[in-house]
>>> print(open('entry39.txt').read())   # compact mmCIF, N, CA and C atoms
# COMPACT_ATOMS: atom_id res chain seq x y z
N MET A 82 0.83 -1.20 0.00
CA MET A 82 0.00 0.00 0.00
C MET A 82 0.87 1.26 0.00
N LYS A 83 1.92 1.32 0.83
CA LYS A 83 2.80 2.47 0.90
C LYS A 83 3.55 2.66 -0.41
N VAL A 84 3.99 1.55 -1.02
CA VAL A 84 4.73 1.63 -2.28
C VAL A 84 3.81 2.18 -3.37
N HIS A 85 2.57 1.71 -3.40
CA HIS A 85 1.61 2.17 -4.39
C HIS A 85 1.33 3.67 -4.20
N LEU A 86 1.17 4.14 -2.98
CA LEU A 86 0.93 5.55 -2.68
C LEU A 86 2.13 6.40 -3.08
N ARG A 87 3.33 5.91 -2.83
CA ARG A 87 4.54 6.63 -3.23
C ARG A 87 4.62 6.79 -4.74
N ARG A 88 4.25 5.73 -5.47
CA ARG A 88 4.28 5.80 -6.93
C ARG A 88 3.28 6.83 -7.44
N ILE A 89 2.10 6.87 -6.85
CA ILE A 89 1.09 7.84 -7.27
C ILE A 89 1.59 9.26 -7.00
N LEU A 90 2.15 9.49 -5.81
CA LEU A 90 2.67 10.82 -5.48
C LEU A 90 3.81 11.22 -6.42
N LEU A 91 4.68 10.29 -6.73
CA LEU A 91 5.78 10.57 -7.64
C LEU A 91 5.26 10.92 -9.03
N LEU A 92 4.27 10.17 -9.51
CA LEU A 92 3.69 10.46 -10.83
C LEU A 92 3.01 11.83 -10.85
N LEU A 93 2.29 12.18 -9.78
CA LEU A 93 1.67 13.50 -9.71
C LEU A 93 2.71 14.61 -9.69
N LEU A 94 3.77 14.39 -8.94
CA LEU A 94 4.85 15.37 -8.87
C LEU A 94 5.49 15.57 -10.24
N LEU A 95 5.78 14.48 -10.93
CA LEU A 95 6.39 14.56 -12.25
C LEU A 95 5.44 15.22 -13.26
N ALA A 96 4.16 14.91 -13.18
CA ALA A 96 3.18 15.52 -14.09
C ALA A 96 3.13 17.03 -13.88
N GLY A 97 3.14 17.46 -12.64
CA GLY A 97 3.14 18.90 -12.35
C GLY A 97 4.40 19.58 -12.82
N PHE A 98 5.54 18.94 -12.66
CA PHE A 98 6.81 19.50 -13.10
C PHE A 98 6.85 19.60 -14.62
N ASN A 99 6.35 18.58 -15.32
CA ASN A 99 6.30 18.62 -16.78
C ASN A 99 5.38 19.73 -17.27
N ALA A 100 4.25 19.95 -16.58
CA ALA A 100 3.35 21.05 -16.96
C ALA A 100 4.04 22.39 -16.77
N PHE A 101 4.80 22.53 -15.69
CA PHE A 101 5.55 23.75 -15.44
C PHE A 101 6.58 23.98 -16.54
N LEU A 102 7.30 22.94 -16.90
CA LEU A 102 8.31 23.07 -17.95
C LEU A 102 7.68 23.42 -19.29
N SER A 103 6.55 22.84 -19.62
CA SER A 103 5.93 23.12 -20.91
C SER A 103 5.41 24.55 -20.97
N GLN A 104 4.93 25.10 -19.86
CA GLN A 104 4.50 26.50 -19.84
C GLN A 104 5.70 27.42 -20.03
N ARG A 105 6.81 27.13 -19.39
CA ARG A 105 8.01 27.95 -19.52
C ARG A 105 8.59 27.87 -20.93
N ALA A 106 8.44 26.73 -21.58
CA ALA A 106 8.99 26.57 -22.92
C ALA A 106 8.27 27.47 -23.92
N TRP A 107 6.99 27.77 -23.69
CA TRP A 107 6.24 28.60 -24.63
C TRP A 107 6.49 30.08 -24.40
N ALA A 108 6.78 30.47 -23.19
CA ALA A 108 7.04 31.88 -22.90
C ALA A 108 8.43 32.24 -23.40
N GLN A 109 8.54 33.43 -24.00
CA GLN A 109 9.81 33.87 -24.54
C GLN A 109 10.15 35.26 -24.02
N VAL A 110 11.43 35.50 -23.92
CA VAL A 110 11.90 36.84 -23.58
C VAL A 110 11.53 37.76 -24.74
N PRO A 111 11.04 38.96 -24.47
CA PRO A 111 10.65 39.85 -25.58
C PRO A 111 11.86 40.33 -26.37
N PRO A 112 11.65 40.70 -27.63
CA PRO A 112 12.75 41.23 -28.43
C PRO A 112 13.17 42.62 -27.96
N VAL A 113 14.33 43.04 -28.39
CA VAL A 113 14.85 44.37 -28.06
C VAL A 113 13.90 45.43 -28.62
N PRO A 114 13.54 46.44 -27.83
CA PRO A 114 12.70 47.52 -28.35
C PRO A 114 13.41 48.24 -29.51
N SER A 115 12.63 48.67 -30.50
CA SER A 115 13.21 49.37 -31.64
C SER A 115 12.64 50.78 -31.75
N GLY A 116 13.30 51.59 -32.55
CA GLY A 116 12.78 52.92 -32.86
C GLY A 116 12.84 53.93 -31.74
N LEU A 117 13.79 53.78 -30.80
CA LEU A 117 13.88 54.73 -29.69
C LEU A 117 14.27 56.11 -30.21
N THR A 118 13.48 57.12 -29.82
CA THR A 118 13.79 58.51 -30.14
C THR A 118 13.77 59.32 -28.85
N ALA A 119 14.55 60.39 -28.83
CA ALA A 119 14.63 61.29 -27.68
C ALA A 119 14.44 62.72 -28.18
N THR A 120 13.41 63.40 -27.69
CA THR A 120 13.10 64.76 -28.11
C THR A 120 13.30 65.69 -26.92
N PRO A 121 14.25 66.63 -27.03
CA PRO A 121 14.53 67.53 -25.90
C PRO A 121 13.52 68.65 -25.78
N GLY A 122 13.37 69.15 -24.56
CA GLY A 122 12.55 70.31 -24.26
C GLY A 122 13.26 71.13 -23.18
N ASN A 123 12.54 71.98 -22.51
CA ASN A 123 13.11 72.80 -21.45
C ASN A 123 13.19 71.99 -20.16
N GLY A 124 14.37 71.43 -19.89
CA GLY A 124 14.57 70.62 -18.68
C GLY A 124 13.97 69.24 -18.75
N VAL A 125 13.54 68.82 -19.95
CA VAL A 125 12.91 67.51 -20.12
C VAL A 125 13.41 66.86 -21.40
N VAL A 126 13.27 65.52 -21.46
CA VAL A 126 13.46 64.76 -22.69
C VAL A 126 12.30 63.78 -22.78
N THR A 127 11.62 63.78 -23.93
CA THR A 127 10.53 62.85 -24.17
C THR A 127 11.05 61.68 -24.99
N LEU A 128 10.85 60.48 -24.49
CA LEU A 128 11.30 59.25 -25.15
C LEU A 128 10.11 58.53 -25.74
N GLN A 129 10.30 57.96 -26.93
CA GLN A 129 9.28 57.11 -27.56
C GLN A 129 9.99 55.94 -28.21
N TRP A 130 9.32 54.77 -28.23
CA TRP A 130 9.85 53.59 -28.88
C TRP A 130 8.70 52.72 -29.34
N ASN A 131 9.02 51.77 -30.21
CA ASN A 131 8.01 50.84 -30.72
C ASN A 131 7.76 49.74 -29.69
N PRO A 132 6.52 49.26 -29.60
CA PRO A 132 6.24 48.17 -28.66
C PRO A 132 7.03 46.91 -29.02
N SER A 133 7.42 46.19 -28.01
CA SER A 133 8.15 44.94 -28.17
C SER A 133 7.18 43.79 -27.89
N SER A 134 7.02 42.89 -28.83
CA SER A 134 6.06 41.80 -28.72
C SER A 134 6.27 40.99 -27.44
N GLY A 135 5.21 40.87 -26.65
CA GLY A 135 5.27 40.07 -25.43
C GLY A 135 5.77 40.83 -24.21
N ALA A 136 6.18 42.08 -24.38
CA ALA A 136 6.69 42.86 -23.24
C ALA A 136 5.54 43.30 -22.34
N THR A 137 5.78 43.25 -21.04
CA THR A 137 4.80 43.75 -20.08
C THR A 137 5.32 45.00 -19.37
N LEU A 138 6.61 45.25 -19.51
CA LEU A 138 7.26 46.36 -18.81
C LEU A 138 8.50 46.77 -19.59
N TYR A 139 8.86 48.05 -19.52
CA TYR A 139 10.09 48.54 -20.12
C TYR A 139 10.94 49.19 -19.04
N ARG A 140 12.22 48.93 -19.09
CA ARG A 140 13.18 49.52 -18.15
C ARG A 140 13.90 50.65 -18.88
N ILE A 141 13.76 51.88 -18.39
CA ILE A 141 14.37 53.04 -19.01
C ILE A 141 15.53 53.49 -18.14
N GLU A 142 16.70 53.64 -18.75
CA GLU A 142 17.90 54.06 -18.03
C GLU A 142 18.51 55.28 -18.70
N ARG A 143 19.24 56.10 -17.90
CA ARG A 143 19.84 57.35 -18.37
C ARG A 143 21.28 57.46 -17.88
N SER A 144 22.11 58.13 -18.69
CA SER A 144 23.50 58.40 -18.33
C SER A 144 23.93 59.70 -18.99
N THR A 145 25.01 60.27 -18.51
CA THR A 145 25.61 61.42 -19.20
C THR A 145 26.78 60.95 -20.06
N SER A 146 26.99 59.64 -20.13
CA SER A 146 28.02 59.04 -20.99
C SER A 146 27.36 57.95 -21.82
N GLN A 147 27.73 57.86 -23.08
CA GLN A 147 27.11 56.86 -23.96
C GLN A 147 27.44 55.43 -23.53
N SER A 148 28.63 55.21 -23.01
CA SER A 148 29.10 53.83 -22.81
C SER A 148 29.00 53.31 -21.38
N SER A 149 28.75 54.16 -20.39
CA SER A 149 28.72 53.65 -19.01
C SER A 149 27.94 54.59 -18.10
N GLY A 150 27.76 54.15 -16.86
CA GLY A 150 27.14 54.98 -15.84
C GLY A 150 25.63 55.10 -15.92
N TYR A 151 24.98 54.15 -16.55
CA TYR A 151 23.51 54.21 -16.66
C TYR A 151 22.86 53.92 -15.32
N SER A 152 21.80 54.67 -15.03
CA SER A 152 21.00 54.41 -13.82
C SER A 152 19.53 54.39 -14.20
N LEU A 153 18.76 53.70 -13.39
CA LEU A 153 17.33 53.51 -13.66
C LEU A 153 16.58 54.84 -13.55
N VAL A 154 15.80 55.16 -14.58
CA VAL A 154 14.88 56.29 -14.54
C VAL A 154 13.55 55.77 -14.01
N THR A 155 13.04 54.71 -14.64
CA THR A 155 11.78 54.10 -14.21
C THR A 155 11.57 52.78 -14.93
N GLU A 156 10.65 52.00 -14.43
CA GLU A 156 10.11 50.84 -15.14
C GLU A 156 8.67 51.20 -15.46
N TYR A 157 8.30 51.01 -16.73
CA TYR A 157 7.06 51.60 -17.23
C TYR A 157 6.42 50.66 -18.24
N ALA A 158 5.08 50.61 -18.26
CA ALA A 158 4.39 49.70 -19.17
C ALA A 158 4.12 50.31 -20.55
N GLY A 159 4.18 51.63 -20.67
CA GLY A 159 3.90 52.29 -21.94
C GLY A 159 5.11 52.39 -22.84
N THR A 160 4.94 53.09 -23.97
CA THR A 160 6.04 53.23 -24.94
C THR A 160 6.38 54.70 -25.21
N SER A 161 6.03 55.58 -24.30
CA SER A 161 6.38 56.98 -24.39
C SER A 161 6.41 57.55 -22.98
N ILE A 162 7.46 58.30 -22.68
CA ILE A 162 7.59 58.85 -21.33
C ILE A 162 8.42 60.12 -21.39
N THR A 163 8.11 61.07 -20.51
CA THR A 163 8.89 62.30 -20.41
C THR A 163 9.71 62.26 -19.14
N ASN A 164 11.02 62.41 -19.29
CA ASN A 164 11.93 62.46 -18.15
C ASN A 164 12.18 63.93 -17.81
N ALA A 165 11.69 64.37 -16.66
CA ALA A 165 11.77 65.77 -16.26
C ALA A 165 12.88 65.99 -15.23
N GLY A 166 13.13 67.26 -14.92
CA GLY A 166 14.11 67.63 -13.91
C GLY A 166 15.54 67.54 -14.40
N LEU A 167 15.73 67.65 -15.70
CA LEU A 167 17.07 67.54 -16.28
C LEU A 167 17.70 68.92 -16.41
N ASN A 168 19.02 68.96 -16.49
CA ASN A 168 19.75 70.22 -16.63
C ASN A 168 19.85 70.62 -18.09
N ASN A 169 19.40 71.82 -18.41
CA ASN A 169 19.55 72.34 -19.77
C ASN A 169 21.03 72.45 -20.10
N GLY A 170 21.39 72.09 -21.34
CA GLY A 170 22.78 72.18 -21.78
C GLY A 170 23.60 70.94 -21.49
N THR A 171 23.02 69.94 -20.83
CA THR A 171 23.72 68.67 -20.55
C THR A 171 23.20 67.60 -21.50
N THR A 172 24.12 66.85 -22.12
CA THR A 172 23.71 65.76 -23.00
C THR A 172 23.41 64.53 -22.15
N TYR A 173 22.24 63.96 -22.37
CA TYR A 173 21.82 62.74 -21.68
C TYR A 173 21.67 61.62 -22.69
N TRP A 174 22.08 60.43 -22.29
CA TRP A 174 21.94 59.22 -23.10
C TRP A 174 20.89 58.35 -22.45
N PHE A 175 20.04 57.74 -23.29
CA PHE A 175 18.96 56.90 -22.80
C PHE A 175 18.99 55.55 -23.51
N ARG A 176 18.60 54.52 -22.78
CA ARG A 176 18.45 53.18 -23.37
C ARG A 176 17.24 52.51 -22.72
N VAL A 177 16.65 51.57 -23.46
CA VAL A 177 15.43 50.90 -23.00
C VAL A 177 15.57 49.41 -23.26
N ARG A 178 15.02 48.60 -22.36
CA ARG A 178 14.91 47.17 -22.63
C ARG A 178 13.53 46.69 -22.21
N ALA A 179 13.08 45.63 -22.85
CA ALA A 179 11.76 45.06 -22.60
C ALA A 179 11.85 43.90 -21.62
N SER A 180 10.79 43.71 -20.85
CA SER A 180 10.76 42.63 -19.86
C SER A 180 9.40 41.94 -19.87
N ASN A 181 9.41 40.69 -19.47
CA ASN A 181 8.17 39.96 -19.16
C ASN A 181 8.54 38.89 -18.13
N SER A 182 7.61 37.99 -17.84
CA SER A 182 7.85 36.98 -16.80
C SER A 182 8.98 36.01 -17.16
N SER A 183 9.37 35.96 -18.44
CA SER A 183 10.46 35.06 -18.85
C SER A 183 11.83 35.71 -18.75
N GLY A 184 11.88 37.03 -18.64
CA GLY A 184 13.17 37.69 -18.51
C GLY A 184 13.21 39.02 -19.24
N ASN A 185 14.44 39.50 -19.49
CA ASN A 185 14.68 40.81 -20.08
C ASN A 185 15.35 40.68 -21.44
N SER A 186 14.98 41.58 -22.34
CA SER A 186 15.69 41.67 -23.62
C SER A 186 17.02 42.36 -23.38
N ALA A 187 17.84 42.41 -24.40
CA ALA A 187 19.03 43.25 -24.36
C ALA A 187 18.57 44.70 -24.44
N TYR A 188 19.47 45.65 -24.13
CA TYR A 188 19.13 47.06 -24.28
C TYR A 188 19.19 47.45 -25.75
N CYS A 189 18.35 48.41 -26.12
CA CYS A 189 18.42 48.95 -27.47
C CYS A 189 19.64 49.86 -27.58
N THR A 190 19.96 50.27 -28.78
CA THR A 190 21.06 51.21 -28.99
C THR A 190 20.71 52.54 -28.32
N PRO A 191 21.62 53.07 -27.49
CA PRO A 191 21.32 54.32 -26.79
C PRO A 191 21.15 55.50 -27.75
N VAL A 192 20.30 56.44 -27.36
CA VAL A 192 20.11 57.70 -28.08
C VAL A 192 20.34 58.85 -27.11
N SER A 193 20.68 60.02 -27.66
CA SER A 193 20.97 61.16 -26.79
C SER A 193 20.09 62.35 -27.11
N ALA A 194 19.99 63.24 -26.15
CA ALA A 194 19.28 64.51 -26.32
C ALA A 194 19.83 65.49 -25.29
N MET A 195 19.81 66.79 -25.65
CA MET A 195 20.26 67.85 -24.76
C MET A 195 19.10 68.82 -24.51
N PRO A 196 18.55 68.80 -23.29
CA PRO A 196 17.48 69.76 -22.98
C PRO A 196 18.00 71.20 -23.12
N ARG A 197 17.12 72.10 -23.60
CA ARG A 197 17.49 73.50 -23.79
C ARG A 197 16.30 74.40 -23.47
N ILE A 198 16.65 75.62 -23.10
CA ILE A 198 15.61 76.64 -22.94
C ILE A 198 15.15 76.99 -24.35
N PRO A 199 13.85 77.04 -24.58
CA PRO A 199 13.38 77.35 -25.93
C PRO A 199 13.82 78.74 -26.37
N ALA A 200 14.08 78.87 -27.65
CA ALA A 200 14.44 80.18 -28.21
C ALA A 200 13.24 81.11 -28.12
N PRO A 201 13.50 82.36 -27.85
CA PRO A 201 12.39 83.32 -27.80
C PRO A 201 11.71 83.44 -29.16
N VAL A 202 10.42 83.70 -29.14
CA VAL A 202 9.66 83.88 -30.37
C VAL A 202 9.07 85.29 -30.40
N ASN A 203 8.81 85.76 -31.59
CA ASN A 203 8.20 87.08 -31.78
C ASN A 203 9.04 88.21 -31.20
N LEU A 204 10.34 88.14 -31.32
CA LEU A 204 11.21 89.24 -30.87
C LEU A 204 11.17 90.34 -31.92
N GLN A 205 11.16 91.54 -31.44
CA GLN A 205 11.19 92.67 -32.35
C GLN A 205 12.30 93.62 -31.93
N ALA A 206 13.02 94.09 -32.90
CA ALA A 206 14.10 95.04 -32.62
C ALA A 206 13.51 96.44 -32.48
N GLN A 207 13.94 97.15 -31.51
CA GLN A 207 13.54 98.54 -31.30
C GLN A 207 14.74 99.42 -31.60
N PRO A 208 14.54 100.47 -32.33
CA PRO A 208 15.68 101.36 -32.59
C PRO A 208 16.17 101.96 -31.27
N GLY A 209 17.49 102.01 -31.11
CA GLY A 209 18.08 102.53 -29.87
C GLY A 209 18.51 103.97 -30.00
N ILE A 210 18.95 104.46 -28.92
CA ILE A 210 19.42 105.86 -28.90
C ILE A 210 20.86 105.92 -29.27
>>> encode(input="entry39.txt", output="structure tokens")
Amino acid sequence: MKVHLRRILLLLLLAGFNAFLSQRAWAQVPPVPSGLTATPGNGVVTLQWNPSSGATLYRIERSTSQSSGYSLVTEYAGTSITNAGLNNGTTYWFRVRASNSSGNSAYCTPVSAMPRIPAPVNLQAQPGI
């Protein structure tokens, strides 16, 4: 009786493990996000990218160097975000990667933008003395 019960428990355990493995085999890490653009504004940079199939979240990182020093800006479910509180005249580099329950994609190619104070509009010259 004990041997028979052990066999049943072992079969149930193996069946559950096989079901777990088959579910994991179908899930895939999302591809690298494409089309990342960075549009500067006054103390802000607006980022946009194309959706990555199967992604549930995007990790956005920023640096003042293209090759190193990236830190997390946010993790976000959308494909457009404005990063505020930046210094005008400083070049910022941004990169994005896609994530889901299976893992993370590689980072996309970084893009840069330099926030600036907008140029004045409708200026008129007045004759001086």
>>> atom_distance(input="entry39.txt", atom1="CA of Arg178 in chain A", atom2="CA of Tyr151 in chain A")
12.6 Å
>>> closest_residue(input="entry39.txt", among="A:Gly209, A:Gly184, A:Gly166, A:Pro191", to="Ala108 in chain A", atoms="all atoms listed in the file")
A:Gly184
>>> closest_residue(input="entry39.txt", among="A:Asn203, A:Asn185, A:Thr127, A:Ser134", to="Ser161 in chain A", atoms="all atoms listed in the file")
A:Thr127
>>> axis_aligned_box(input="entry39.txt", around="range 145-156 of chain A", padding_each_side="6 Å", output="JSON")
{"center_x": 18.9, "center_y": 56.1, "center_z": -18.7, "size_x": 32.4, "size_y": 22.6, "size_z": 22.6}
>>> closest_residue(input="entry39.txt", among="A:Ala194, A:Leu128, A:Ala187, A:Val202", to="Thr160 in chain A", atoms="only N, CA and C atoms")
A:Leu128
>>> atom_distance(input="entry39.txt", atom1="atom N of Ile198 in chain A", atom2="CA of Leu167 in chain A")
10.6 Å
>>> atom_distance(input="entry39.txt", atom1="CA of Glu142 in chain A", atom2="CA of Arg197 in chain A")
20.3 Å
>>> closest_residue(input="entry39.txt", among="A:Asn131, A:Ile162, A:Thr137, A:Val110", to="Ser186 in chain A", atoms="only N, CA and C atoms")
A:Val110
>>> closest_residue(input="entry39.txt", among="A:Glu156, A:Gly150, A:Ala179, A:Thr163", to="Ser133 in chain A", atoms="only N, CA and C atoms")
A:Ala179
>>> decode(input="entry39.txt", residues="range 183-206 of chain A", atoms="N, CA and C atoms", output="tab-separated table (two decimals), in the first residue's frame")
chain	number	residue	atom	x	y	z
A	183	SER	N	9.37	35.96	-18.44
A	183	SER	CA	10.46	35.06	-18.85
A	183	SER	C	11.83	35.71	-18.75
A	184	GLY	N	11.88	37.03	-18.64
A	184	GLY	CA	13.17	37.69	-18.51
A	184	GLY	C	13.21	39.02	-19.24
A	185	ASN	N	14.44	39.50	-19.49
A	185	ASN	CA	14.68	40.81	-20.08
A	185	ASN	C	15.35	40.68	-21.44
A	186	SER	N	14.98	41.58	-22.34
A	186	SER	CA	15.69	41.67	-23.62
A	186	SER	C	17.02	42.36	-23.38
A	187	ALA	N	17.84	42.41	-24.40
A	187	ALA	CA	19.03	43.25	-24.36
A	187	ALA	C	18.57	44.70	-24.44
A	188	TYR	N	19.47	45.65	-24.13
A	188	TYR	CA	19.13	47.06	-24.28
A	188	TYR	C	19.19	47.45	-25.75
A	189	CYS	N	18.35	48.41	-26.12
A	189	CYS	CA	18.42	48.95	-27.47
A	189	CYS	C	19.64	49.86	-27.58
A	190	THR	N	19.96	50.27	-28.78
A	190	THR	CA	21.06	51.21	-28.99
A	190	THR	C	20.71	52.54	-28.32
A	191	PRO	N	21.62	53.07	-27.49
A	191	PRO	CA	21.32	54.32	-26.79
A	191	PRO	C	21.15	55.50	-27.75
A	192	VAL	N	20.30	56.44	-27.36
A	192	VAL	CA	20.11	57.70	-28.08
A	192	VAL	C	20.34	58.85	-27.11
A	193	SER	N	20.68	60.02	-27.66
A	193	SER	CA	20.97	61.16	-26.79
A	193	SER	C	20.09	62.35	-27.11
A	194	ALA	N	19.99	63.24	-26.15
A	194	ALA	CA	19.28	64.51	-26.32
A	194	ALA	C	19.83	65.49	-25.29
A	195	MET	N	19.81	66.79	-25.65
A	195	MET	CA	20.26	67.85	-24.76
A	195	MET	C	19.10	68.82	-24.51
A	196	PRO	N	18.55	68.80	-23.29
A	196	PRO	CA	17.48	69.76	-22.98
A	196	PRO	C	18.00	71.20	-23.12
A	197	ARG	N	17.12	72.10	-23.60
A	197	ARG	CA	17.49	73.50	-23.79
A	197	ARG	C	16.30	74.40	-23.47
A	198	ILE	N	16.65	75.62	-23.10
A	198	ILE	CA	15.61	76.64	-22.94
A	198	ILE	C	15.15	76.99	-24.35
A	199	PRO	N	13.85	77.04	-24.58
A	199	PRO	CA	13.38	77.35	-25.93
A	199	PRO	C	13.82	78.74	-26.37
A	200	ALA	N	14.08	78.87	-27.65
A	200	ALA	CA	14.44	80.18	-28.21
A	200	ALA	C	13.24	81.11	-28.12
A	201	PRO	N	13.50	82.36	-27.85
A	201	PRO	CA	12.39	83.32	-27.80
A	201	PRO	C	11.71	83.44	-29.16
A	202	VAL	N	10.42	83.70	-29.14
A	202	VAL	CA	9.66	83.88	-30.37
A	202	VAL	C	9.07	85.29	-30.40
A	203	ASN	N	8.81	85.76	-31.59
A	203	ASN	CA	8.20	87.08	-31.78
A	203	ASN	C	9.04	88.21	-31.20
A	204	LEU	N	10.34	88.14	-31.32
A	204	LEU	CA	11.21	89.24	-30.87
A	204	LEU	C	11.17	90.34	-31.92
A	205	GLN	N	11.16	91.54	-31.44
A	205	GLN	CA	11.19	92.67	-32.35
A	205	GLN	C	12.30	93.62	-31.93
A	206	ALA	N	13.02	94.09	-32.90
A	206	ALA	CA	14.10	95.04	-32.62
A	206	ALA	C	13.51	96.44	-32.48
